[in-house]
>>> print(open('coords_16.cif').read())   # mmCIF, C-alpha atoms and all ligand atoms
data_my_file
#
loop_
_atom_site.label_atom_id
_atom_site.label_comp_id
_atom_site.auth_asym_id
_atom_site.auth_seq_id
_atom_site.Cartn_x
_atom_site.Cartn_y
_atom_site.Cartn_z
CA MET A 123 94.69 97.41 83.34
CA LYS A 124 98.02 97.48 81.54
CA ARG A 125 96.42 97.97 78.11
CA LEU A 126 94.38 100.89 79.45
CA TRP A 127 97.54 102.66 80.54
CA LEU A 128 99.22 102.08 77.18
CA VAL A 129 96.26 103.78 75.50
CA ALA A 130 96.44 106.62 78.00
CA GLY A 131 100.15 106.93 77.22
CA THR A 132 99.56 108.09 73.65
CA GLY A 133 97.94 111.25 75.03
CA ALA A 134 100.92 111.76 77.28
CA ILE A 135 101.78 115.41 76.85
CA PRO A 136 98.38 117.10 77.39
CA VAL A 137 97.65 114.79 80.34
CA LEU A 138 101.00 115.63 81.84
CA LEU A 139 100.37 119.35 81.50
CA ALA A 140 96.97 118.99 83.11
CA PHE A 141 98.61 117.27 86.05
CA ALA A 142 101.21 119.99 86.42
CA VAL A 143 98.33 122.44 86.86
CA ILE A 144 96.00 120.45 89.09
CA GLY A 145 98.72 118.44 90.79
CA GLY A 146 98.62 120.39 94.05
CA ARG A 147 94.87 120.14 94.55
CA GLN A 148 92.95 117.29 96.00
CA ALA A 149 89.27 116.59 95.58
CA PRO A 150 87.29 116.18 98.81
CA GLY A 151 86.88 112.52 99.67
CA ASP A 152 90.17 111.69 97.96
CA THR A 153 92.07 111.45 101.24
CA GLU A 154 91.26 107.81 101.86
CA ALA A 155 92.88 106.65 98.67
CA ALA A 156 95.97 108.82 99.13
CA GLY A 157 96.70 108.23 102.80
CA ALA A 158 95.22 107.55 106.17
CA ASP A 159 91.83 108.62 107.40
CA PRO A 160 92.51 110.54 110.61
CA ALA A 161 89.02 109.59 111.85
CA GLU A 162 90.20 105.96 112.10
CA GLY A 163 92.10 107.02 115.19
CA SER A 164 95.49 106.14 116.44
CA GLN A 165 97.90 103.23 116.04
CA PRO A 166 97.28 100.02 118.05
CA ILE A 167 100.54 100.67 119.94
CA GLN A 168 101.98 104.13 120.52
CA PHE A 169 105.30 103.40 118.82
CA PRO A 170 107.64 106.41 119.08
CA HIS A 171 110.03 106.86 116.13
CA ASP A 172 111.89 109.64 117.93
CA THR A 173 112.86 107.35 120.83
CA HIS A 174 114.04 104.52 118.58
CA ALA A 175 115.54 106.28 115.55
CA GLY A 176 116.42 109.61 117.24
CA GLN A 177 117.44 109.05 120.86
CA PHE A 178 118.73 105.47 120.45
CA LEU A 179 119.92 105.89 116.85
CA ILE A 180 118.50 102.58 115.58
CA ASP A 181 118.98 102.58 111.82
CA CYS A 182 115.80 102.94 109.72
CA GLN A 183 116.74 99.83 107.79
CA TYR A 184 117.25 97.74 110.94
CA CYS A 185 113.44 97.68 111.05
CA HIS A 186 112.48 98.55 107.46
CA TYR A 187 115.00 96.03 106.18
CA SER A 188 113.54 95.34 102.76
CA ALA A 189 113.74 98.97 101.55
CA GLU A 190 117.02 98.51 99.69
CA ARG A 191 116.15 95.23 97.99
CA SER A 192 112.42 95.25 97.36
CA VAL A 193 109.49 97.34 96.24
CA ASP A 194 108.19 97.68 99.82
CA ALA A 195 110.15 99.11 102.73
CA GLY A 196 108.12 96.78 104.95
CA ILE A 197 106.91 97.05 108.55
CA PRO A 198 108.89 94.90 110.99
CA PRO A 199 107.19 91.82 112.47
CA VAL A 200 106.60 91.69 116.23
CA GLU A 201 109.63 89.34 116.52
CA THR A 202 111.88 92.30 115.67
CA CYS A 203 110.40 94.23 118.60
CA ILE A 204 110.65 91.28 121.00
CA GLY A 205 114.38 91.05 120.36
CA CYS A 206 114.66 94.14 122.60
CA HIS A 207 111.36 94.08 124.50
CA ARG A 208 111.03 90.54 125.88
CA GLU A 209 110.17 90.33 129.57
CA GLY A 210 113.13 91.29 131.69
CA ALA A 211 114.69 93.34 128.86
CA ILE A 212 113.74 96.92 127.84
CA ASP A 213 110.50 98.02 129.57
CA GLY A 214 109.98 101.62 128.48
CA ARG A 215 110.27 104.32 131.13
CA THR A 216 107.50 106.66 130.01
CA ASN A 217 105.00 104.23 128.44
CA PRO A 218 105.57 100.76 129.97
CA GLU A 219 101.93 99.76 129.26
CA GLU A 220 102.61 100.14 125.51
CA VAL A 221 105.53 97.71 125.79
CA LEU A 222 103.23 95.24 127.60
CA LYS A 223 100.96 95.36 124.52
CA VAL A 224 103.92 94.35 122.35
CA ARG A 225 104.48 91.30 124.58
CA ASP A 226 100.76 90.44 124.47
CA TYR A 227 100.68 90.40 120.66
CA HIS A 228 103.81 88.26 120.65
CA ALA A 229 102.41 85.82 123.27
CA ARG A 230 99.19 85.44 121.25
CA GLY A 231 101.19 84.97 118.05
CA GLU A 232 99.27 87.81 116.40
CA PRO A 233 100.73 90.44 114.10
CA ILE A 234 100.30 94.04 115.30
CA PRO A 235 97.54 95.57 113.13
CA TRP A 236 99.42 98.79 112.26
CA ARG A 237 97.39 101.36 110.37
CA ARG A 238 99.00 102.16 107.02
CA ILE A 239 99.87 105.83 106.44
CA TYR A 240 101.72 106.09 103.10
CA LYS A 241 99.83 104.42 100.29
CA VAL A 242 99.50 105.11 96.58
CA SER A 243 96.68 103.66 94.46
CA ASP A 244 97.00 100.07 93.30
CA HIS A 245 97.60 101.15 89.70
CA VAL A 246 100.81 102.97 90.74
CA HIS A 247 104.15 101.20 91.04
CA PHE A 248 106.59 102.63 93.58
CA PRO A 249 109.84 100.65 93.96
CA HIS A 250 111.70 101.59 97.19
CA MET A 251 114.92 99.85 96.15
CA ARG A 252 115.36 102.05 93.06
CA HIS A 253 115.10 105.20 95.17
CA VAL A 254 117.39 103.89 97.91
CA ALA A 255 119.93 102.91 95.22
CA ALA A 256 119.73 106.48 93.87
CA GLU A 257 120.80 107.59 97.38
CA ILE A 258 117.65 109.55 98.14
CA ALA A 259 117.34 109.75 101.93
CA CYS A 260 114.18 108.40 103.55
CA GLN A 261 113.69 111.89 105.00
CA THR A 262 113.43 113.49 101.55
CA CYS A 263 110.06 111.78 101.14
CA HIS A 264 108.96 110.96 104.71
CA GLY A 265 110.27 114.01 106.61
CA GLU A 266 112.42 113.99 109.75
CA VAL A 267 110.95 110.73 111.08
CA GLN A 268 113.65 110.44 113.77
CA GLU A 269 112.18 113.57 115.38
CA MET A 270 108.54 112.41 115.22
CA GLY A 271 106.63 110.69 118.03
CA VAL A 272 103.76 108.47 116.89
CA LEU A 273 103.29 108.70 113.11
CA GLU A 274 99.73 109.63 112.16
CA HIS A 275 99.89 111.62 108.91
CA VAL A 276 101.73 111.81 105.63
CA ALA A 277 104.57 114.36 106.00
CA PRO A 278 104.31 117.60 103.97
CA GLU A 279 107.51 116.55 102.12
CA ALA A 280 105.45 113.86 100.33
CA GLY A 281 103.31 116.30 98.34
CA ASP A 282 100.07 114.42 99.20
CA LEU A 283 101.55 111.45 97.25
CA LYS A 284 100.20 112.96 94.05
CA MET A 285 101.56 112.35 90.57
CA GLY A 286 102.87 115.95 90.34
CA TRP A 287 105.17 115.24 93.30
CA CYS A 288 106.73 112.17 91.66
CA ILE A 289 107.06 113.88 88.29
CA SER A 290 108.75 117.04 89.55
CA CYS A 291 111.50 115.07 91.26
CA HIS A 292 111.88 112.78 88.24
CA LEU A 293 112.28 115.89 86.07
CA GLU A 294 114.81 117.41 88.47
CA ARG A 295 116.91 114.26 88.72
CA GLY A 296 116.58 113.02 85.15
CA ALA A 297 114.58 109.89 86.06
CA SER A 298 111.99 108.34 83.74
CA ARG A 299 108.66 110.05 83.08
CA ASP A 300 107.31 107.25 80.93
CA CYS A 301 103.71 106.49 82.02
CA THR A 302 104.34 102.76 81.99
CA VAL A 303 107.19 102.81 84.54
CA CYS A 304 104.76 104.07 87.21
CA HIS A 305 101.42 102.71 85.99
CA TYR A 306 100.37 99.10 85.57
C1 LIG B 1 112.56 99.92 115.94
C2 LIG B 1 111.97 99.79 114.62
C3 LIG B 1 111.85 100.99 113.70
C4 LIG B 1 112.83 101.89 113.36
C5 LIG B 1 114.28 101.97 113.84
C6 LIG B 1 112.23 102.78 112.38
N1 LIG B 1 110.93 102.43 112.16
FE1 LIG B 1 109.65 103.27 110.86
N2 LIG B 1 108.13 102.10 111.53
C7 LIG B 1 108.26 101.11 112.48
C8 LIG B 1 106.95 100.56 112.78
C9 LIG B 1 106.63 99.48 113.80
C10 LIG B 1 106.03 101.25 111.97
C11 LIG B 1 104.49 101.06 111.92
C12 LIG B 1 103.84 101.94 112.94
C13 LIG B 1 103.84 103.38 112.57
O1 LIG B 1 103.33 103.74 111.50
O2 LIG B 1 104.40 104.18 113.34
C14 LIG B 1 106.80 102.21 111.20
C15 LIG B 1 106.26 103.08 110.26
C16 LIG B 1 107.02 103.92 109.44
C17 LIG B 1 106.48 104.72 108.37
C18 LIG B 1 105.02 104.81 107.99
C19 LIG B 1 104.60 103.57 107.23
C20 LIG B 1 103.16 103.60 106.78
O3 LIG B 1 102.89 104.06 105.67
O4 LIG B 1 102.30 103.19 107.55
C21 LIG B 1 107.53 105.39 107.80
C22 LIG B 1 107.46 106.35 106.65
C23 LIG B 1 108.72 105.03 108.54
N3 LIG B 1 108.38 104.12 109.52
C24 LIG B 1 109.97 105.51 108.27
C25 LIG B 1 111.08 105.31 109.10
C26 LIG B 1 112.34 106.03 108.96
C27 LIG B 1 112.63 107.06 107.89
C28 LIG B 1 113.15 105.58 109.96
C29 LIG B 1 114.56 106.06 110.31
C30 LIG B 1 114.69 107.50 110.53
C31 LIG B 1 112.41 104.57 110.70
N4 LIG B 1 111.15 104.46 110.15
C32 LIG B 1 112.90 103.83 111.77
C33 LIG B 1 109.44 100.68 113.05
C34 LIG B 1 110.66 101.34 112.96
C1 LIG B 2 117.20 97.57 119.11
C2 LIG B 2 116.31 97.60 120.25
C3 LIG B 2 114.85 97.94 120.05
C4 LIG B 2 113.98 97.41 119.14
C5 LIG B 2 114.27 96.43 118.02
C6 LIG B 2 112.68 97.96 119.45
N1 LIG B 2 112.76 98.79 120.52
FE1 LIG B 2 111.20 99.75 121.44
N2 LIG B 2 112.50 100.66 122.69
C7 LIG B 2 113.86 100.48 122.72
C8 LIG B 2 114.45 101.41 123.67
C9 LIG B 2 115.95 101.54 123.98
C10 LIG B 2 113.37 102.11 124.25
C11 LIG B 2 113.44 103.21 125.31
C12 LIG B 2 113.32 102.61 126.67
C13 LIG B 2 113.27 103.66 127.74
O1 LIG B 2 113.40 104.85 127.48
O2 LIG B 2 113.08 103.24 128.89
C14 LIG B 2 112.15 101.60 123.62
C15 LIG B 2 110.88 102.02 123.96
C16 LIG B 2 109.71 101.55 123.41
C17 LIG B 2 108.37 101.89 123.81
C18 LIG B 2 108.01 102.75 125.00
C19 LIG B 2 108.31 104.18 124.79
C20 LIG B 2 108.32 104.92 126.09
O3 LIG B 2 108.22 106.12 125.98
O4 LIG B 2 108.41 104.33 127.18
C21 LIG B 2 107.50 101.25 122.98
C22 LIG B 2 105.99 101.30 122.99
C23 LIG B 2 108.30 100.48 122.06
N3 LIG B 2 109.63 100.67 122.35
C24 LIG B 2 107.78 99.69 121.05
C25 LIG B 2 108.54 98.97 120.15
C26 LIG B 2 107.99 98.23 119.03
C27 LIG B 2 106.53 98.13 118.68
C28 LIG B 2 109.05 97.69 118.38
C29 LIG B 2 109.03 96.85 117.13
C30 LIG B 2 108.46 97.48 115.96
C31 LIG B 2 110.25 98.07 119.09
N4 LIG B 2 109.91 98.86 120.14
C32 LIG B 2 111.54 97.67 118.73
C33 LIG B 2 114.58 99.59 121.94
C34 LIG B 2 114.07 98.82 120.92
C1 LIG B 3 111.32 108.88 96.72
C2 LIG B 3 110.46 108.90 97.88
C3 LIG B 3 110.65 107.87 98.96
C4 LIG B 3 111.83 107.49 99.57
C5 LIG B 3 113.25 107.98 99.30
C6 LIG B 3 111.47 106.52 100.58
N1 LIG B 3 110.12 106.30 100.56
FE1 LIG B 3 109.07 105.10 101.81
N2 LIG B 3 107.37 105.43 100.74
C7 LIG B 3 107.27 106.30 99.66
C8 LIG B 3 105.98 106.12 99.02
C9 LIG B 3 105.48 106.85 97.79
C10 LIG B 3 105.29 105.11 99.76
C11 LIG B 3 103.94 104.48 99.43
C12 LIG B 3 104.23 103.28 98.53
C13 LIG B 3 103.07 102.43 98.12
O1 LIG B 3 101.93 102.69 98.50
O2 LIG B 3 103.30 101.46 97.38
C14 LIG B 3 106.19 104.73 100.85
C15 LIG B 3 105.89 103.79 101.84
C16 LIG B 3 106.73 103.48 102.91
C17 LIG B 3 106.39 102.60 104.01
C18 LIG B 3 105.07 101.87 104.16
C19 LIG B 3 105.25 100.38 104.00
C20 LIG B 3 105.78 99.94 102.67
O3 LIG B 3 106.46 98.90 102.67
O4 LIG B 3 105.53 100.56 101.63
C21 LIG B 3 107.46 102.57 104.85
C22 LIG B 3 107.62 101.79 106.13
C23 LIG B 3 108.49 103.41 104.26
N3 LIG B 3 108.01 103.95 103.08
C24 LIG B 3 109.76 103.61 104.80
C25 LIG B 3 110.82 104.16 104.10
C26 LIG B 3 112.21 104.12 104.56
C27 LIG B 3 112.70 103.50 105.85
C28 LIG B 3 112.95 104.75 103.60
C29 LIG B 3 114.45 104.92 103.54
C30 LIG B 3 115.24 103.69 103.57
C31 LIG B 3 112.03 105.21 102.56
N4 LIG B 3 110.76 104.81 102.90
C32 LIG B 3 112.39 105.91 101.43
C33 LIG B 3 108.24 107.18 99.25
C34 LIG B 3 109.58 107.11 99.59
C1 LIG B 4 112.91 112.95 95.55
C2 LIG B 4 112.93 112.44 94.19
C3 LIG B 4 111.93 111.39 93.74
C4 LIG B 4 110.60 111.28 94.07
C5 LIG B 4 109.78 112.19 94.98
C6 LIG B 4 110.10 110.14 93.35
N1 LIG B 4 111.10 109.55 92.63
FE1 LIG B 4 110.93 107.83 91.50
N2 LIG B 4 112.91 107.95 91.04
C7 LIG B 4 113.77 108.95 91.43
C8 LIG B 4 115.07 108.71 90.83
C9 LIG B 4 116.31 109.59 90.98
C10 LIG B 4 114.95 107.52 90.08
C11 LIG B 4 116.00 106.88 89.17
C12 LIG B 4 116.67 105.77 89.85
C13 LIG B 4 117.53 105.01 88.85
O1 LIG B 4 117.97 105.58 87.86
O2 LIG B 4 117.69 103.82 89.08
C14 LIG B 4 113.58 107.05 90.25
C15 LIG B 4 113.08 105.89 89.68
C16 LIG B 4 111.77 105.49 89.73
C17 LIG B 4 111.23 104.32 89.05
C18 LIG B 4 112.01 103.36 88.18
C19 LIG B 4 112.08 103.99 86.81
C20 LIG B 4 112.71 103.11 85.77
O3 LIG B 4 113.36 103.68 84.86
O4 LIG B 4 112.58 101.90 85.83
C21 LIG B 4 109.87 104.30 89.32
C22 LIG B 4 108.86 103.29 88.82
C23 LIG B 4 109.59 105.44 90.17
N3 LIG B 4 110.75 106.12 90.39
C24 LIG B 4 108.32 105.76 90.62
C25 LIG B 4 108.04 106.85 91.44
C26 LIG B 4 106.71 107.17 91.92
C27 LIG B 4 105.45 106.40 91.60
C28 LIG B 4 106.85 108.28 92.72
C29 LIG B 4 105.78 109.03 93.48
C30 LIG B 4 104.84 108.25 94.27
C31 LIG B 4 108.26 108.64 92.72
N4 LIG B 4 108.94 107.76 91.93
C32 LIG B 4 108.78 109.72 93.41
C33 LIG B 4 113.46 110.02 92.22
C34 LIG B 4 112.23 110.29 92.83
C1 LIG B 5 106.84 109.00 88.32
C2 LIG B 5 105.61 108.27 88.42
C3 LIG B 5 104.47 108.58 87.48
C4 LIG B 5 104.55 108.76 86.12
C5 LIG B 5 105.77 108.76 85.23
C6 LIG B 5 103.19 108.94 85.68
N1 LIG B 5 102.32 108.87 86.74
FE1 LIG B 5 100.27 109.05 86.64
N2 LIG B 5 100.16 108.95 88.68
C7 LIG B 5 101.23 108.77 89.52
C8 LIG B 5 100.75 108.87 90.90
C9 LIG B 5 101.59 108.73 92.16
C10 LIG B 5 99.35 109.11 90.84
C11 LIG B 5 98.40 109.34 92.00
C12 LIG B 5 97.91 108.03 92.55
C13 LIG B 5 97.14 108.21 93.82
O1 LIG B 5 96.34 109.15 93.93
O2 LIG B 5 97.35 107.39 94.73
C14 LIG B 5 99.02 109.15 89.42
C15 LIG B 5 97.71 109.34 88.94
C16 LIG B 5 97.38 109.33 87.60
C17 LIG B 5 96.04 109.44 87.09
C18 LIG B 5 94.81 109.66 87.93
C19 LIG B 5 94.21 108.38 88.34
C20 LIG B 5 93.67 108.53 89.72
O3 LIG B 5 94.03 107.70 90.57
O4 LIG B 5 92.93 109.48 89.99
C21 LIG B 5 96.10 109.38 85.74
C22 LIG B 5 94.96 109.46 84.74
C23 LIG B 5 97.51 109.24 85.38
N3 LIG B 5 98.26 109.20 86.55
C24 LIG B 5 97.99 109.16 84.10
C25 LIG B 5 99.34 109.20 83.74
C26 LIG B 5 99.84 109.31 82.37
C27 LIG B 5 98.98 109.38 81.12
C28 LIG B 5 101.20 109.33 82.44
C29 LIG B 5 102.22 109.52 81.33
C30 LIG B 5 102.17 110.85 80.73
C31 LIG B 5 101.55 109.20 83.87
N4 LIG B 5 100.40 109.14 84.60
C32 LIG B 5 102.85 109.16 84.34
C33 LIG B 5 102.56 108.55 89.14
C34 LIG B 5 103.06 108.65 87.87
#
>>> encode(input="coords_16.cif", output="structure tokens", more="lines below")
Ligand code: HEC
Ligand code: HEC
Ligand code: HEC
Ligand code: HEC
Ligand code: HEC
Amino acid sequence: MKRLWLVAGTGAIPVLLAFAVIGGRQAPGDTEAAGADPAEGSQPIQFPHDTHAGQFLIDCQYCHYSAERSVDAGIPPVETCIGCHREGAIDGRTNPEEVLKVRDYHARGEPIPWRRIYKVSDHVHFPHMRHVAAEIACQTCHGEVQEMGVLEHVAPEAGDLKMGWCISCHLERGASRDCTVCHY
């Protein structure tokens, strides 16, 4: 794979221009690779970001604790939830049955099968820690998550997770546009 990208890199400028032009468009059927398929339905538990990160001001990185030190921001394990939601602790006033599901997964020792929403192709390298270190807020790329209920779709801020989106910010902020930093 790596060698293929190095070859592609020698044609850098015309390819880049082509992307600047077609960057905003998306071929039909491309949605699965870029993000979630809405037809797959909802999350296994109706987890509200607005309640946790908005109303109760829990820090994004309390749950997504690897964002500043690793490539992946990470989804918290059910143990993180149980810290607050074990029986006799926080029940949930509006959706107590969703909290019961959290306890069930924990009791069975099963991870919650969250449906992934933000995903770039396997040949693209996106390191969270570099962006967090550059002091780019989560919201710049993921939108005002603390005001969102259950996450289902990629936010409009993320430019469909296309190459043109990455490149325009890298241009603006003087970050690398070398093919090989993003492509394996
Ligand atoms: C109490 C824990 C918790 C807090 C606090 C939290 N999150 Fe999450 N986050 C989750 C869980 C669980 C998921 C997986 C379920 C889902 O997609 O909603 C998730 C999913 C996400 C996703 C989608 C991941 C994907 O591609 O599937 C993004 C983006 C995100 N969170 C950003 C944020 C931001 C930004 C904040 C702070 C404003 C935040 N989160 C605060 C627990 C949390
Ligand atoms: C730091 C404490 C804390 C952590 C960690 C936490 N929650 Fe919560 N959660 C709360 C609070 C506070 C509420 C609101 C309770 C209420 O309004 O009655 C809540 C409510 C909920 C609700 C019900 C919402 C409603 O409207 O009733 C669900 C579902 C939920 N949490 C799931 C999760 C999941 C899944 C995780 C782990 C990814 C998690 N929580 C982690 C504190 C936490
Ligand atoms: C510069 C844009 C950008 C910033 C800033 C950013 N993200 Fe992301 N995030 C992405 C992209 C792109 C993906 C998809 C990455 C992939 O597929 O490898 C993603 C994926 C995720 C996921 C899915 C799971 C994972 O580990 O990849 C979560 C959760 C998430 N981001 C949370 C956060 C949180 C929390 C912050 C702030 C601390 C944050 N992101 C900052 C662009 C960003
Ligand atoms: C909102 C602005 C912004 C967006 C959007 C963005 N980046 Fe970045 N990115 C930066 C900045 C700023 C840096 C430089 C950080 C530094 O100098 O350490 C960076 C650094 C990087 C690096 C490390 C470069 C190196 O020199 O080692 C990679 C890889 C990367 N970004 C990939 C991506 C990919 C892939 C996307 C799209 C999916 C993306 N970025 C979207 C701002 C952004
Ligand atoms: C800042 C990060 C970044 C840089 C630099 C970058 N790309 Fe990309 N590239 C991406 C992203 C993100 C995608 C879209 C992946 C997806 O659809 O999930 C992409 C997609 C592509 C595709 C389309 C493959 C597909 O999945 O359809 C080609 C070809 C490509 N890039 C070539 C290049 C070349 C050649 C260069 C150097 C001129 C380059 N890229 C530089 C991030 C980058």
>>> closest_atom_pairs(input="coords_16.cif", of="chain A", to="ligand LIG 2 (chain B)", cutoff="8 Å", atoms="only C-alpha atoms and all ligand atoms", output="tab-separated table")
residue	atom	partner	partner_atom	distance
A:Ile167	CA	B:LIG2	C22	6.3
A:Gln168	CA	B:LIG2	C22	5.5
A:Phe169	CA	B:LIG2	C22	4.7
A:Pro170	CA	B:LIG2	C19	6.2
A:Thr173	CA	B:LIG2	C11	6.1
A:His174	CA	B:LIG2	C7	5.8
A:Phe178	CA	B:LIG2	C9	6.0
A:Ile180	CA	B:LIG2	C1	6.3
A:Tyr184	CA	B:LIG2	C5	7.8
A:Cys185	CA	B:LIG2	C30	7.0
A:Ile197	CA	B:LIG2	C30	7.6
A:Pro198	CA	B:LIG2	C30	5.6
A:Pro199	CA	B:LIG2	C30	6.8
A:Val200	CA	B:LIG2	C29	5.8
A:Glu201	CA	B:LIG2	C29	7.6
A:Thr202	CA	B:LIG2	C5	5.3
A:Cys203	CA	B:LIG2	C29	3.3
A:Ile204	CA	B:LIG2	C32	6.8
A:Gly205	CA	B:LIG2	C5	5.9
A:Cys206	CA	B:LIG2	C2	4.5
A:His207	CA	B:LIG2	N1	6.3
A:Ile212	CA	B:LIG2	C12	5.8
A:Asp213	CA	B:LIG2	O2	5.9
A:Gly214	CA	B:LIG2	O4	3.4
A:Arg215	CA	B:LIG2	O2	3.8
A:Thr216	CA	B:LIG2	O4	3.8
A:Asn217	CA	B:LIG2	O4	3.6
A:Pro218	CA	B:LIG2	O4	5.3
A:Glu219	CA	B:LIG2	C22	7.6
A:Glu220	CA	B:LIG2	C22	4.4
A:Val221	CA	B:LIG2	C22	4.6
A:Lys223	CA	B:LIG2	C22	7.9
A:Val224	CA	B:LIG2	C27	5.9
>>> residues_near_ligand(input="coords_16.cif", ligand="ligand LIG 1 (chain B)", cutoff="7 Å", atoms="all atoms listed in the file", output="JSON list (two decimals) with C-alpha atoms, in the coordinates of the input")
[["chain", "number", "residue", "atom", "x", "y", "z"],
["A", 165, "GLN", "CA", 97.90, 103.23, 116.04],
["A", 169, "PHE", "CA", 105.30, 103.40, 118.82],
["A", 170, "PRO", "CA", 107.64, 106.41, 119.08],
["A", 171, "HIS", "CA", 110.03, 106.86, 116.13],
["A", 174, "HIS", "CA", 114.04, 104.52, 118.58],
["A", 175, "ALA", "CA", 115.54, 106.28, 115.55],
["A", 180, "ILE", "CA", 118.50, 102.58, 115.58],
["A", 181, "ASP", "CA", 118.98, 102.58, 111.82],
["A", 182, "CYS", "CA", 115.80, 102.94, 109.72],
["A", 183, "GLN", "CA", 116.74, 99.83, 107.79],
["A", 184, "TYR", "CA", 117.25, 97.74, 110.94],
["A", 185, "CYS", "CA", 113.44, 97.68, 111.05],
["A", 186, "HIS", "CA", 112.48, 98.55, 107.46],
["A", 197, "ILE", "CA", 106.91, 97.05, 108.55],
["A", 198, "PRO", "CA", 108.89, 94.90, 110.99],
["A", 203, "CYS", "CA", 110.40, 94.23, 118.60],
["A", 236, "TRP", "CA", 99.42, 98.79, 112.26],
["A", 237, "ARG", "CA", 97.39, 101.36, 110.37],
["A", 238, "ARG", "CA", 99.00, 102.16, 107.02],
["A", 239, "ILE", "CA", 99.87, 105.83, 106.44],
["A", 240, "TYR", "CA", 101.72, 106.09, 103.10],
["A", 241, "LYS", "CA", 99.83, 104.42, 100.29],
["A", 260, "CYS", "CA", 114.18, 108.40, 103.55],
["A", 261, "GLN", "CA", 113.69, 111.89, 105.00],
["A", 264, "HIS", "CA", 108.96, 110.96, 104.71],
["A", 266, "GLU", "CA", 112.42, 113.99, 109.75],
["A", 267, "VAL", "CA", 110.95, 110.73, 111.08],
["A", 268, "GLN", "CA", 113.65, 110.44, 113.77],
["A", 272, "VAL", "CA", 103.76, 108.47, 116.89],
["A", 273, "LEU", "CA", 103.29, 108.70, 113.11],
["A", 274, "GLU", "CA", 99.73, 109.63, 112.16]]
>>> residues_around(input="coords_16.cif", residues="Cys291 in chain A", least_positions_apart="4", cutoff="12 Å", atoms="only C-alpha atoms", output="PDB file with C-alpha atoms, keeping the file's coordinate frame")
ATOM      1  CA  HIS A 253     115.100 105.200  95.170  1.00  0.00           C
ATOM      2  CA  ILE A 258     117.650 109.550  98.140  1.00  0.00           C
ATOM      3  CA  THR A 262     113.430 113.490 101.550  1.00  0.00           C
ATOM      4  CA  CYS A 263     110.060 111.780 101.140  1.00  0.00           C
ATOM      5  CA  GLU A 279     107.510 116.550 102.120  1.00  0.00           C
ATOM      6  CA  ALA A 280     105.450 113.860 100.330  1.00  0.00           C
ATOM      7  CA  GLY A 281     103.310 116.300  98.340  1.00  0.00           C
ATOM      8  CA  LYS A 284     100.200 112.960  94.050  1.00  0.00           C
ATOM      9  CA  MET A 285     101.560 112.350  90.570  1.00  0.00           C
ATOM     10  CA  GLY A 286     102.870 115.950  90.340  1.00  0.00           C
ATOM     11  CA  TRP A 287     105.170 115.240  93.300  1.00  0.00           C
ATOM     12  CA  ARG A 295     116.910 114.260  88.720  1.00  0.00           C
ATOM     13  CA  GLY A 296     116.580 113.020  85.150  1.00  0.00           C
ATOM     14  CA  ALA A 297     114.580 109.890  86.060  1.00  0.00           C
ATOM     15  CA  SER A 298     111.990 108.340  83.740  1.00  0.00           C
ATOM     16  CA  ARG A 299     108.660 110.050  83.080  1.00  0.00           C
TER      17      ARG A 299
END
>>> axis_aligned_box(input="coords_16.cif", around="ligand LIG 5 (chain B)", padding_each_side="5 Å", output="AutoDock Vina command-line options")
--center_x 99.9 --center_y 109.1 --center_z 87.7 --size_x 23.9 --size_y 13.5 --size_z 24.0
>>> closest_residue(input="coords_16.cif", among="A:His275, A:Arg208, A:His228, A:Arg252", to="ligand LIG 4 (chain B)", atoms="only C-alpha atoms and all ligand atoms")
A:Arg252
>>> closest_residue(input="coords_16.cif", among="A:Ala211, A:Ile289, A:Ala229, A:Val276", to="ligand LIG 4 (chain B)", atoms="only C-alpha atoms and all ligand atoms")
A:Ile289
>>> atom_distance(input="coords_16.cif", atom1="CA of Leu283 in chain A", atom2="atom N1 of ligand LIG 4 (chain B)")
10.8 Å
>>> atom_distance(input="coords_16.cif", atom1="atom C12 of ligand LIG 5 (chain B)", atom2="CA of His245 in chain A")
7.5 Å
>>> closest_residue(input="coords_16.cif", among="A:Asp226, A:Pro166, A:Phe248, A:Ile234", to="ligand LIG 3 (chain B)", atoms="all atoms listed in the file")
A:Phe248
>>> atom_distance(input="coords_16.cif", atom1="atom O2 of ligand LIG 3 (chain B)", atom2="CA of Val242 in chain A")
5.3 Å
